[in-house]
$ cat target_10.tsv   # TSV, N, CA and C atoms
chain	number	residue	atom	x	y	z
A	1390	MET	N	222.16	188.28	6.61
A	1390	MET	CA	220.99	189.07	6.93
A	1390	MET	C	219.94	188.85	5.85
A	1391	ASP	N	218.74	188.64	6.24
A	1391	ASP	CA	217.64	188.42	5.31
A	1391	ASP	C	217.32	189.74	4.60
A	1392	PRO	N	217.43	189.78	3.25
A	1392	PRO	CA	217.17	191.04	2.54
A	1392	PRO	C	215.72	191.50	2.61
A	1393	ASP	N	214.80	190.62	3.02
A	1393	ASP	CA	213.39	190.99	3.11
A	1393	ASP	C	213.04	191.66	4.44
A	1394	ILE	N	214.00	191.72	5.37
A	1394	ILE	CA	213.73	192.33	6.67
A	1394	ILE	C	213.74	193.85	6.52
A	1395	ASP	N	212.72	194.48	7.06
A	1395	ASP	CA	212.60	195.94	6.99
A	1395	ASP	C	213.42	196.55	8.13
A	1396	LEU	N	214.49	197.24	7.77
A	1396	LEU	CA	215.33	197.86	8.79
A	1396	LEU	C	215.05	199.35	8.92
A	1397	ASP	N	213.87	199.76	8.54
A	1397	ASP	CA	213.43	201.13	8.75
A	1397	ASP	C	213.04	201.25	10.22
A	1398	PRO	N	213.73	202.10	10.99
A	1398	PRO	CA	213.43	202.22	12.43
A	1398	PRO	C	211.98	202.54	12.73
A	1399	GLU	N	211.30	203.25	11.81
A	1399	GLU	CA	209.90	203.63	12.03
A	1399	GLU	C	208.96	202.43	11.99
A	1400	SER	N	209.34	201.39	11.27
A	1400	SER	CA	208.45	200.24	11.13
A	1400	SER	C	209.06	198.94	11.67
A	1401	TRP	N	210.27	199.01	12.19
A	1401	TRP	CA	210.93	197.80	12.71
A	1401	TRP	C	210.14	197.26	13.90
A	1402	GLU	N	209.93	195.96	13.89
A	1402	GLU	CA	209.21	195.30	14.99
A	1402	GLU	C	209.73	193.87	15.10
A	1403	VAL	N	209.79	193.38	16.32
A	1403	VAL	CA	210.22	192.01	16.54
A	1403	VAL	C	209.41	191.40	17.68
A	1404	GLU	N	209.19	190.11	17.61
A	1404	GLU	CA	208.56	189.38	18.71
A	1404	GLU	C	209.49	188.22	19.06
A	1405	PHE	N	209.74	188.04	20.35
A	1405	PHE	CA	210.63	186.97	20.78
A	1405	PHE	C	210.28	186.54	22.19
A	1406	GLY	N	210.75	185.38	22.55
A	1406	GLY	CA	210.54	184.86	23.89
A	1406	GLY	C	211.86	184.65	24.59
A	1407	GLY	N	211.81	184.58	25.87
A	1407	GLY	CA	213.02	184.34	26.64
A	1407	GLY	C	212.73	184.28	28.12
A	1408	GLU	N	213.78	184.04	28.86
A	1408	GLU	CA	213.69	183.92	30.31
A	1408	GLU	C	214.16	185.20	30.99
A	1409	ILE	N	213.38	185.67	31.93
A	1409	ILE	CA	213.76	186.86	32.70
A	1409	ILE	C	214.94	186.50	33.61
A	1410	TRP	N	215.96	187.36	33.59
A	1410	TRP	CA	217.12	187.16	34.46
A	1410	TRP	C	217.41	188.44	35.23
A	1411	THR	N	218.12	188.29	36.32
A	1411	THR	CA	218.39	189.41	37.22
A	1411	THR	C	219.86	189.78	37.20
A	1412	TRP	N	220.12	191.07	37.09
A	1412	TRP	CA	221.46	191.59	37.29
A	1412	TRP	C	221.50	192.05	38.74
A	1413	ARG	N	222.35	191.44	39.53
A	1413	ARG	CA	222.39	191.73	40.95
A	1413	ARG	C	223.52	192.71	41.26
A	1414	GLY	N	223.24	193.97	41.06
A	1414	GLY	CA	224.18	195.01	41.42
A	1414	GLY	C	223.65	195.72	42.65
A	1415	PRO	N	224.17	196.90	42.91
A	1415	PRO	CA	223.68	197.68	44.04
A	1415	PRO	C	222.18	197.97	43.93
A	1416	ALA	N	221.69	198.06	42.69
A	1416	ALA	CA	220.25	198.24	42.44
A	1416	ALA	C	219.86	197.17	41.44
A	1417	PRO	N	219.37	196.02	41.89
A	1417	PRO	CA	219.07	194.91	40.97
A	1417	PRO	C	218.05	195.30	39.90
A	1418	HIS	N	218.27	194.77	38.71
A	1418	HIS	CA	217.36	194.99	37.58
A	1418	HIS	C	217.03	193.65	36.94
A	1419	HIS	N	215.90	193.59	36.27
A	1419	HIS	CA	215.45	192.37	35.59
A	1419	HIS	C	215.44	192.62	34.09
A	1420	PHE	N	215.95	191.64	33.34
A	1420	PHE	CA	216.13	191.81	31.90
A	1420	PHE	C	215.65	190.58	31.14
A	1421	LEU	N	215.46	190.80	29.84
A	1421	LEU	CA	215.21	189.74	28.88
A	1421	LEU	C	216.25	189.97	27.78
A	1422	SER	N	217.00	188.93	27.43
A	1422	SER	CA	218.01	189.07	26.38
A	1422	SER	C	217.34	189.08	25.01
A	1423	VAL	N	217.74	190.03	24.18
A	1423	VAL	CA	217.24	190.11	22.81
A	1423	VAL	C	218.00	189.07	21.99
A	1424	PRO	N	217.31	188.25	21.19
A	1424	PRO	CA	217.98	187.21	20.42
A	1424	PRO	C	219.04	187.78	19.47
A	1425	ALA	N	219.99	186.93	19.10
A	1425	ALA	CA	221.11	187.35	18.26
A	1425	ALA	C	220.68	187.95	16.93
A	1426	ASP	N	219.67	187.37	16.27
A	1426	ASP	CA	219.26	187.90	14.97
A	1426	ASP	C	218.67	189.30	15.09
A	1427	ALA	N	217.85	189.53	16.11
A	1427	ALA	CA	217.28	190.87	16.32
A	1427	ALA	C	218.37	191.84	16.77
A	1428	SER	N	219.32	191.38	17.59
A	1428	SER	CA	220.43	192.24	18.01
A	1428	SER	C	221.27	192.67	16.81
A	1429	ALA	N	221.48	191.77	15.86
A	1429	ALA	CA	222.23	192.11	14.65
A	1429	ALA	C	221.50	193.20	13.86
A	1430	GLN	N	220.20	193.09	13.74
A	1430	GLN	CA	219.41	194.12	13.06
A	1430	GLN	C	219.52	195.45	13.79
A	1431	LEU	N	219.44	195.40	15.11
A	1431	LEU	CA	219.53	196.62	15.91
A	1431	LEU	C	220.89	197.29	15.74
A	1432	ARG	N	221.95	196.50	15.68
A	1432	ARG	CA	223.29	197.08	15.48
A	1432	ARG	C	223.37	197.83	14.15
A	1433	MET	N	222.65	197.33	13.14
A	1433	MET	CA	222.67	197.97	11.81
A	1433	MET	C	222.00	199.34	11.82
A	1434	ILE	N	221.05	199.55	12.71
A	1434	ILE	CA	220.34	200.84	12.74
A	1434	ILE	C	220.63	201.65	14.00
A	1435	ALA	N	221.48	201.13	14.86
A	1435	ALA	CA	221.73	201.79	16.15
A	1435	ALA	C	222.21	203.23	16.00
A	1436	SER	N	223.06	203.49	15.04
A	1436	SER	CA	223.62	204.84	14.93
A	1436	SER	C	222.57	205.91	14.63
A	1437	ILE	N	221.43	205.50	14.06
A	1437	ILE	CA	220.40	206.50	13.77
A	1437	ILE	C	219.28	206.54	14.80
A	1438	VAL	N	219.30	205.61	15.76
A	1438	VAL	CA	218.23	205.60	16.77
A	1438	VAL	C	218.72	205.78	18.20
A	1439	THR	N	220.01	205.61	18.44
A	1439	THR	CA	220.52	205.73	19.81
A	1439	THR	C	220.54	207.18	20.24
A	1440	TYR	N	220.35	207.39	21.54
A	1440	TYR	CA	220.43	208.74	22.08
A	1440	TYR	C	221.68	208.90	22.94
A	1441	GLY	N	222.58	207.96	22.87
A	1441	GLY	CA	223.85	208.03	23.61
A	1441	GLY	C	224.14	206.74	24.34
A	1442	TRP	N	225.39	206.47	24.52
A	1442	TRP	CA	225.88	205.27	25.23
A	1442	TRP	C	225.34	203.98	24.63
A	1443	GLY	N	224.89	204.03	23.38
A	1443	GLY	CA	224.37	202.84	22.72
A	1443	GLY	C	222.95	202.46	23.12
A	1444	MET	N	222.31	203.28	23.92
A	1444	MET	CA	220.94	203.01	24.37
A	1444	MET	C	219.97	203.20	23.20
A	1445	ILE	N	219.03	202.26	23.06
A	1445	ILE	CA	218.03	202.33	21.99
A	1445	ILE	C	216.64	202.39	22.63
A	1446	PRO	N	215.90	203.47	22.40
A	1446	PRO	CA	214.56	203.60	23.00
A	1446	PRO	C	213.56	202.66	22.33
A	1447	VAL	N	212.81	201.92	23.14
A	1447	VAL	CA	211.84	200.95	22.61
A	1447	VAL	C	210.53	201.02	23.37
A	1448	ARG	N	209.50	200.45	22.75
A	1448	ARG	CA	208.20	200.19	23.39
A	1448	ARG	C	208.04	198.68	23.34
A	1449	ALA	N	207.62	198.09	24.46
A	1449	ALA	CA	207.49	196.63	24.53
A	1449	ALA	C	206.13	196.25	25.08
A	1450	TRP	N	205.65	195.08	24.65
A	1450	TRP	CA	204.36	194.54	25.07
A	1450	TRP	C	204.56	193.11	25.53
A	1451	THR	N	203.92	192.74	26.63
A	1451	THR	CA	203.80	191.34	27.03
A	1451	THR	C	202.49	191.20	27.80
A	1452	GLY	N	201.76	190.13	27.55
A	1452	GLY	CA	200.46	189.97	28.21
A	1452	GLY	C	199.62	191.20	27.96
A	1453	GLY	N	199.09	191.81	29.04
A	1453	GLY	CA	198.29	193.02	28.92
A	1453	GLY	C	199.08	194.28	29.20
A	1454	SER	N	200.40	194.18	29.30
A	1454	SER	CA	201.24	195.32	29.69
A	1454	SER	C	202.02	195.89	28.51
A	1455	VAL	N	202.14	197.22	28.53
A	1455	VAL	CA	202.94	197.95	27.56
A	1455	VAL	C	203.86	198.86	28.36
A	1456	TRP	N	205.13	198.94	27.97
A	1456	TRP	CA	206.03	199.86	28.66
A	1456	TRP	C	207.06	200.43	27.71
A	1457	GLU	N	207.58	201.59	28.08
A	1457	GLU	CA	208.64	202.25	27.34
A	1457	GLU	C	209.91	202.18	28.17
A	1458	THR	N	211.01	201.86	27.50
A	1458	THR	CA	212.31	201.73	28.15
A	1458	THR	C	213.38	201.88	27.10
A	1459	SER	N	214.60	201.56	27.43
A	1459	SER	CA	215.69	201.59	26.46
A	1459	SER	C	216.51	200.33	26.59
A	1460	LEU	N	216.92	199.81	25.44
A	1460	LEU	CA	217.77	198.63	25.41
A	1460	LEU	C	219.18	199.00	25.83
A	1461	PHE	N	219.84	198.10	26.53
A	1461	PHE	CA	221.24	198.24	26.90
A	1461	PHE	C	222.05	197.31	26.00
A	1462	ALA	N	223.21	197.76	25.55
A	1462	ALA	CA	224.13	196.87	24.84
A	1462	ALA	C	224.83	196.01	25.88
A	1463	LYS	N	224.91	194.69	25.61
A	1463	LYS	CA	225.59	193.78	26.54
A	1463	LYS	C	226.12	192.57	25.77
A	1464	ASP	N	227.41	192.32	25.92
A	1464	ASP	CA	228.05	191.13	25.34
A	1464	ASP	C	227.76	190.95	23.85
A	1465	GLY	N	227.81	192.04	23.09
A	1465	GLY	CA	227.59	191.98	21.66
A	1465	GLY	C	226.14	191.95	21.23
A	1466	GLY	N	225.23	191.97	22.19
A	1466	GLY	CA	223.80	191.97	21.89
A	1466	GLY	C	223.12	193.09	22.67
A	1467	TYR	N	221.85	192.92	22.92
A	1467	TYR	CA	221.08	193.90	23.68
A	1467	TYR	C	220.22	193.19	24.72
A	1468	VAL	N	219.90	193.91	25.78
A	1468	VAL	CA	219.00	193.40	26.80
A	1468	VAL	C	217.87	194.40	27.02
A	1469	LEU	N	216.68	193.85	27.26
A	1469	LEU	CA	215.46	194.64	27.48
A	1469	LEU	C	215.14	194.67	28.97
A	1470	PRO	N	215.16	195.84	29.61
A	1470	PRO	CA	214.73	195.92	31.01
A	1470	PRO	C	213.24	195.61	31.12
A	1471	VAL	N	212.89	194.78	32.10
A	1471	VAL	CA	211.50	194.45	32.38
A	1471	VAL	C	211.15	195.16	33.69
A	1472	LYS	N	210.40	196.24	33.58
A	1472	LYS	CA	210.12	197.11	34.72
A	1472	LYS	C	209.34	196.40	35.82
A	1473	ALA	N	209.53	196.89	37.05
A	1473	ALA	CA	208.86	196.32	38.22
A	1473	ALA	C	207.34	196.35	38.06
A	1474	ALA	N	206.80	197.43	37.52
A	1474	ALA	CA	205.35	197.54	37.34
A	1474	ALA	C	204.83	196.46	36.39
A	1475	VAL	N	205.60	196.16	35.36
A	1475	VAL	CA	205.22	195.11	34.40
A	1475	VAL	C	205.29	193.75	35.08
A	1476	ARG	N	206.37	193.50	35.81
A	1476	ARG	CA	206.52	192.21	36.50
A	1476	ARG	C	205.38	192.02	37.49
A	1477	ALA	N	205.01	193.06	38.20
A	1477	ALA	CA	203.92	192.95	39.19
A	1477	ALA	C	202.58	192.71	38.49
A	1478	ALA	N	202.30	193.47	37.44
A	1478	ALA	CA	201.02	193.34	36.74
A	1478	ALA	C	200.85	191.98	36.08
A	1479	GLU	N	201.96	191.40	35.61
A	1479	GLU	CA	201.89	190.13	34.90
A	1479	GLU	C	202.25	188.93	35.78
A	1480	GLY	N	202.61	189.21	37.05
A	1480	GLY	CA	202.99	188.12	37.96
A	1480	GLY	C	204.27	187.42	37.53
A	1481	LEU	N	205.27	188.20	37.12
A	1481	LEU	CA	206.52	187.66	36.59
A	1481	LEU	C	207.68	187.82	37.56
A	1482	GLY	N	208.63	186.93	37.44
A	1482	GLY	CA	209.85	187.01	38.24
A	1482	GLY	C	211.00	186.35	37.51
A	1483	PRO	N	212.18	186.39	38.12
A	1483	PRO	CA	213.35	185.76	37.51
A	1483	PRO	C	213.08	184.29	37.20
A	1484	GLY	N	213.51	183.87	36.02
A	1484	GLY	CA	213.32	182.49	35.61
A	1484	GLY	C	212.05	182.25	34.82
A	1485	ASP	N	211.11	183.20	34.87
A	1485	ASP	CA	209.88	183.05	34.09
A	1485	ASP	C	210.17	183.29	32.61
A	1486	THR	N	209.52	182.54	31.76
A	1486	THR	CA	209.65	182.71	30.31
A	1486	THR	C	208.47	183.51	29.80
A	1487	ILE	N	208.78	184.54	29.01
A	1487	ILE	CA	207.74	185.41	28.47
A	1487	ILE	C	207.96	185.62	26.98
A	1488	VAL	N	206.92	186.08	26.30
A	1488	VAL	CA	207.00	186.50	24.89
A	1488	VAL	C	206.76	188.00	24.88
A	1489	VAL	N	207.61	188.70	24.16
A	1489	VAL	CA	207.58	190.17	24.09
A	1489	VAL	C	207.51	190.60	22.63
A	1490	ARG	N	206.73	191.62	22.37
A	1490	ARG	CA	206.74	192.31	21.08
A	1490	ARG	C	207.38	193.66	21.33
A	1491	MET	N	208.25	194.11	20.40
A	1491	MET	CA	209.02	195.32	20.67
A	1491	MET	C	209.17	196.13	19.39
A	1492	THR	N	209.04	197.46	19.52
A	1492	THR	CA	209.28	198.40	18.43
A	1492	THR	C	210.24	199.48	18.93
A	1493	ILE	N	210.80	200.21	17.98
A	1493	ILE	CA	211.69	201.32	18.31
A	1493	ILE	C	210.85	202.58	18.47
A	1494	ARG	N	211.12	203.33	19.57
A	1494	ARG	CA	210.44	204.61	19.78
A	1494	ARG	C	211.22	205.70	19.08
A	1495	SER	N	210.50	206.69	18.54
A	1495	SER	CA	211.19	207.82	17.93
A	1495	SER	C	211.08	209.04	18.81

$ encode --input "target_10.tsv" --output "structure tokens"
Amino acid sequence: MDPDIDLDPESWEVEFGGEIWTWRGPAPHHFLSVPADASAQLRMIASIVTYGWGMIPVRAWTGGSVWETSLFAKDGGYVLPVKAAVRAAEGLGPGDTIVVRMTIRS
């Protein structure tokens, strides 16, 4: 872990890119996987920011859209839900690559 990284939940911020993918359950959802390095940082502060079940409240930005949601723990990392309103406003769908900026909500 880089000792210069600020792990204060109030000021923690990350920007990353990735491909939108779909979880096809009874109610399909669209996600962006949080990279391993950011997921490791989140695991270090999760106990002080989670509100239960490992969920971490965040604010995310992409293009001209801002949304509030919560990260889900998955396969040792985290995934960011990409809301339908954001996908519609930005013209996004599964397989599209986006860049997201994300902070922790208090």

$ closest_residue --input "target_10.tsv" --among "A:Met1491, A:Met1444, A:Val1468, A:Ala1473" --to "Val1423 (chain A)" --atoms "all atoms listed in the file"
A:Val1468

$ residues_around --input "target_10.tsv" --residues "region 1411-1421 of chain A" --least-positions-apart "6" --cutoff "5 Å" --atoms "all atoms listed in the file" --output "list of chain:residue names"
A:Val1468, A:Leu1469, A:Pro1470, A:Val1471

$ closest_residue --input "target_10.tsv" --among "A:Ile1493, A:Thr1451, A:Leu1396, A:Arg1476" --to "Gln1430 (chain A)" --atoms "only C-alpha atoms"
A:Leu1396

$ select_by_dssp --input "target_10.tsv" --residues "region 1400-1490 of chain A" --states "helix (DSSP H, G or I)" --output "PyMOL selection string"
chain A and resi 1425-1438+1473-1479

$ atom_distance --input "target_10.tsv" --atom1 "atom N of Ile1437 (chain A)" --atom2 "CA of Pro1398 (chain A)"
8.8 Å

$ closest_residue --input "target_10.tsv" --among "A:Glu1479, A:Pro1424, A:Ser1436, A:Arg1494" --to "Ser1459 (chain A)" --atoms "only C-alpha atoms"
A:Arg1494

$ closest_residue --input "target_10.tsv" --among "A:Tyr1440, A:Tyr1467, A:Trp1401, A:Trp1410" --to "Gly1482 (chain A)" --atoms "only C-alpha atoms"
A:Trp1410

$ atom_distance --input "target_10.tsv" --atom1 "atom N of Glu1402 (chain A)" --atom2 "CA of Ile1434 (chain A)"
11.6 Å

$ residues_near_point --input "target_10.tsv" --point "(212.6, 182.1, 32.8)" --cutoff "7 Å" --atoms "all atoms listed in the file" --output "list in words"
Gly1407, Glu1408, Ile1409, Trp1410, Gly1482, Pro1483, Gly1484, Asp1485, Thr1486 and Ile1487 of chain A

$ residues_near_point --input "target_10.tsv" --point "(202.0, 197.7, 32.2)" --cutoff "7 Å" --atoms "only N, CA and C atoms" --output "VMD selection string"
chain A and resid 1453 to 1456 1474 to 1475 1478

$ closest_residue --input "target_10.tsv" --among "A:Ala1429, A:Glu1404, A:Ala1435, A:Ser1422" --to "Trp1450 (chain A)" --atoms "only C-alpha atoms"
A:Glu1404

$ closest_residue --input "target_10.tsv" --among "A:Arg1448, A:Ala1427, A:Val1403, A:Leu1460" --to "Val1488 (chain A)" --atoms "only C-alpha atoms"
A:Val1403

$ atom_distance --input "target_10.tsv" --atom1 "CA of Ala1449 (chain A)" --atom2 "atom C of Gly1480 (chain A)"
16.3 Å

$ select_by_dssp --input "target_10.tsv" --residues "chain A" --states "strand (DSSP E)" --output "JSON, numbers by chain"
{"A": [1402, 1403, 1404, 1405, 1406, 1407, 1408, 1410, 1411, 1412, 1418, 1419, 1420, 1421, 1422, 1445, 1446, 1447, 1448, 1449, 1450, 1451, 1454, 1455, 1456, 1457, 1458, 1459, 1460, 1461, 1462, 1463, 1466, 1467, 1468, 1469, 1470, 1486, 1487, 1488, 1489, 1490, 1491, 1492, 1493]}

$ write_last_selection --input "target_10.tsv" --atoms "N, CA and C atoms" --output "tab-separated table (two decimals), keeping the file's coordinate frame"
chain	number	residue	atom	x	y	z
A	1402	GLU	N	209.93	195.96	13.89
A	1402	GLU	CA	209.21	195.30	14.99
A	1402	GLU	C	209.73	193.87	15.10
A	1403	VAL	N	209.79	193.38	16.32
A	1403	VAL	CA	210.22	192.01	16.54
A	1403	VAL	C	209.41	191.40	17.68
A	1404	GLU	N	209.19	190.11	17.61
A	1404	GLU	CA	208.56	189.38	18.71
A	1404	GLU	C	209.49	188.22	19.06
A	1405	PHE	N	209.74	188.04	20.35
A	1405	PHE	CA	210.63	186.97	20.78
A	1405	PHE	C	210.28	186.54	22.19
A	1406	GLY	N	210.75	185.38	22.55
A	1406	GLY	CA	210.54	184.86	23.89
A	1406	GLY	C	211.86	184.65	24.59
A	1407	GLY	N	211.81	184.58	25.87
A	1407	GLY	CA	213.02	184.34	26.64
A	1407	GLY	C	212.73	184.28	28.12
A	1408	GLU	N	213.78	184.04	28.86
A	1408	GLU	CA	213.69	183.92	30.31
A	1408	GLU	C	214.16	185.20	30.99
A	1410	TRP	N	215.96	187.36	33.59
A	1410	TRP	CA	217.12	187.16	34.46
A	1410	TRP	C	217.41	188.44	35.23
A	1411	THR	N	218.12	188.29	36.32
A	1411	THR	CA	218.39	189.41	37.22
A	1411	THR	C	219.86	189.78	37.20
A	1412	TRP	N	220.12	191.07	37.09
A	1412	TRP	CA	221.46	191.59	37.29
A	1412	TRP	C	221.50	192.05	38.74
A	1418	HIS	N	218.27	194.77	38.71
A	1418	HIS	CA	217.36	194.99	37.58
A	1418	HIS	C	217.03	193.65	36.94
A	1419	HIS	N	215.90	193.59	36.27
A	1419	HIS	CA	215.45	192.37	35.59
A	1419	HIS	C	215.44	192.62	34.09
A	1420	PHE	N	215.95	191.64	33.34
A	1420	PHE	CA	216.13	191.81	31.90
A	1420	PHE	C	215.65	190.58	31.14
A	1421	LEU	N	215.46	190.80	29.84
A	1421	LEU	CA	215.21	189.74	28.88
A	1421	LEU	C	216.25	189.97	27.78
A	1422	SER	N	217.00	188.93	27.43
A	1422	SER	CA	218.01	189.07	26.38
A	1422	SER	C	217.34	189.08	25.01
A	1445	ILE	N	219.03	202.26	23.06
A	1445	ILE	CA	218.03	202.33	21.99
A	1445	ILE	C	216.64	202.39	22.63
A	1446	PRO	N	215.90	203.47	22.40
A	1446	PRO	CA	214.56	203.60	23.00
A	1446	PRO	C	213.56	202.66	22.33
A	1447	VAL	N	212.81	201.92	23.14
A	1447	VAL	CA	211.84	200.95	22.61
A	1447	VAL	C	210.53	201.02	23.37
A	1448	ARG	N	209.50	200.45	22.75
A	1448	ARG	CA	208.20	200.19	23.39
A	1448	ARG	C	208.04	198.68	23.34
A	1449	ALA	N	207.62	198.09	24.46
A	1449	ALA	CA	207.49	196.63	24.53
A	1449	ALA	C	206.13	196.25	25.08
A	1450	TRP	N	205.65	195.08	24.65
A	1450	TRP	CA	204.36	194.54	25.07
A	1450	TRP	C	204.56	193.11	25.53
A	1451	THR	N	203.92	192.74	26.63
A	1451	THR	CA	203.80	191.34	27.03
A	1451	THR	C	202.49	191.20	27.80
A	1454	SER	N	200.40	194.18	29.30
A	1454	SER	CA	201.24	195.32	29.69
A	1454	SER	C	202.02	195.89	28.51
A	1455	VAL	N	202.14	197.22	28.53
A	1455	VAL	CA	202.94	197.95	27.56
A	1455	VAL	C	203.86	198.86	28.36
A	1456	TRP	N	205.13	198.94	27.97
A	1456	TRP	CA	206.03	199.86	28.66
A	1456	TRP	C	207.06	200.43	27.71
A	1457	GLU	N	207.58	201.59	28.08
A	1457	GLU	CA	208.64	202.25	27.34
A	1457	GLU	C	209.91	202.18	28.17
A	1458	THR	N	211.01	201.86	27.50
A	1458	THR	CA	212.31	201.73	28.15
A	1458	THR	C	213.38	201.88	27.10
A	1459	SER	N	214.60	201.56	27.43
A	1459	SER	CA	215.69	201.59	26.46
A	1459	SER	C	216.51	200.33	26.59
A	1460	LEU	N	216.92	199.81	25.44
A	1460	LEU	CA	217.77	198.63	25.41
A	1460	LEU	C	219.18	199.00	25.83
A	1461	PHE	N	219.84	198.10	26.53
A	1461	PHE	CA	221.24	198.24	26.90
A	1461	PHE	C	222.05	197.31	26.00
A	1462	ALA	N	223.21	197.76	25.55
A	1462	ALA	CA	224.13	196.87	24.84
A	1462	ALA	C	224.83	196.01	25.88
A	1463	LYS	N	224.91	194.69	25.61
A	1463	LYS	CA	225.59	193.78	26.54
A	1463	LYS	C	226.12	192.57	25.77
A	1466	GLY	N	225.23	191.97	22.19
A	1466	GLY	CA	223.80	191.97	21.89
A	1466	GLY	C	223.12	193.09	22.67
A	1467	TYR	N	221.85	192.92	22.92
A	1467	TYR	CA	221.08	193.90	23.68
A	1467	TYR	C	220.22	193.19	24.72
A	1468	VAL	N	219.90	193.91	25.78
A	1468	VAL	CA	219.00	193.40	26.80
A	1468	VAL	C	217.87	194.40	27.02
A	1469	LEU	N	216.68	193.85	27.26
A	1469	LEU	CA	215.46	194.64	27.48
A	1469	LEU	C	215.14	194.67	28.97
A	1470	PRO	N	215.16	195.84	29.61
A	1470	PRO	CA	214.73	195.92	31.01
A	1470	PRO	C	213.24	195.61	31.12
A	1486	THR	N	209.52	182.54	31.76
A	1486	THR	CA	209.65	182.71	30.31
A	1486	THR	C	208.47	183.51	29.80
A	1487	ILE	N	208.78	184.54	29.01
A	1487	ILE	CA	207.74	185.41	28.47
A	1487	ILE	C	207.96	185.62	26.98
A	1488	VAL	N	206.92	186.08	26.30
A	1488	VAL	CA	207.00	186.50	24.89
A	1488	VAL	C	206.76	188.00	24.88
A	1489	VAL	N	207.61	188.70	24.16
A	1489	VAL	CA	207.58	190.17	24.09
A	1489	VAL	C	207.51	190.60	22.63
A	1490	ARG	N	206.73	191.62	22.37
A	1490	ARG	CA	206.74	192.31	21.08
A	1490	ARG	C	207.38	193.66	21.33
A	1491	MET	N	208.25	194.11	20.40
A	1491	MET	CA	209.02	195.32	20.67
A	1491	MET	C	209.17	196.13	19.39
A	1492	THR	N	209.04	197.46	19.52
A	1492	THR	CA	209.28	198.40	18.43
A	1492	THR	C	210.24	199.48	18.93
A	1493	ILE	N	210.80	200.21	17.98
A	1493	ILE	CA	211.69	201.32	18.31
A	1493	ILE	C	210.85	202.58	18.47

$ axis_aligned_box --input "target_10.tsv" --around "region 1422-1435 of chain A" --padding-each-side "8 Å" --output "lines of an AutoDock Vina configuration file"
center_x = 220.2
center_y = 195.1
center_z = 19.6
size_x = 22.4
size_y = 32.3
size_z = 31.6

$ decode --input "target_10.tsv" --residues "region 1424-1435 of chain A" --atoms "N, CA and C atoms" --output "CSV table (one decimal), in the first residue's frame"
chain,number,residue,atom,x,y,z
A,1424,PRO,N,-11.3,-1.1,-9.4
A,1424,PRO,CA,-10.0,-1.7,-9.5
A,1424,PRO,C,-9.5,-2.3,-8.2
A,1425,ALA,N,-8.6,-3.3,-8.3
A,1425,ALA,CA,-8.1,-3.9,-7.1
A,1425,ALA,C,-7.4,-3.0,-6.2
A,1426,ASP,N,-6.6,-2.0,-6.6
A,1426,ASP,CA,-5.9,-1.1,-5.7
A,1426,ASP,C,-6.9,-0.2,-4.9
A,1427,ALA,N,-7.9,0.3,-5.6
A,1427,ALA,CA,-9.0,1.0,-4.9
A,1427,ALA,C,-9.8,0.2,-3.9
A,1428,SER,N,-10.1,-1.1,-4.4
A,1428,SER,CA,-10.8,-2.0,-3.5
A,1428,SER,C,-10.0,-2.3,-2.2
A,1429,ALA,N,-8.7,-2.5,-2.4
A,1429,ALA,CA,-7.8,-2.7,-1.2
A,1429,ALA,C,-7.9,-1.5,-0.2
A,1430,GLN,N,-7.9,-0.3,-0.7
A,1430,GLN,CA,-8.0,0.9,0.1
A,1430,GLN,C,-9.4,0.9,0.8
A,1431,LEU,N,-10.4,0.5,0.0
A,1431,LEU,CA,-11.8,0.5,0.6
A,1431,LEU,C,-11.9,-0.5,1.7
A,1432,ARG,N,-11.3,-1.7,1.5
A,1432,ARG,CA,-11.3,-2.7,2.6
A,1432,ARG,C,-10.7,-2.2,3.9
A,1433,MET,N,-9.7,-1.3,3.8
A,1433,MET,CA,-9.0,-0.8,4.9
A,1433,MET,C,-9.9,0.1,5.7
A,1434,ILE,N,-10.8,0.8,5.1
A,1434,ILE,CA,-11.7,1.8,5.8
A,1434,ILE,C,-13.1,1.3,5.9
A,1435,ALA,N,-13.4,0.2,5.4
A,1435,ALA,CA,-14.8,-0.3,5.3
A,1435,ALA,C,-15.5,-0.3,6.6
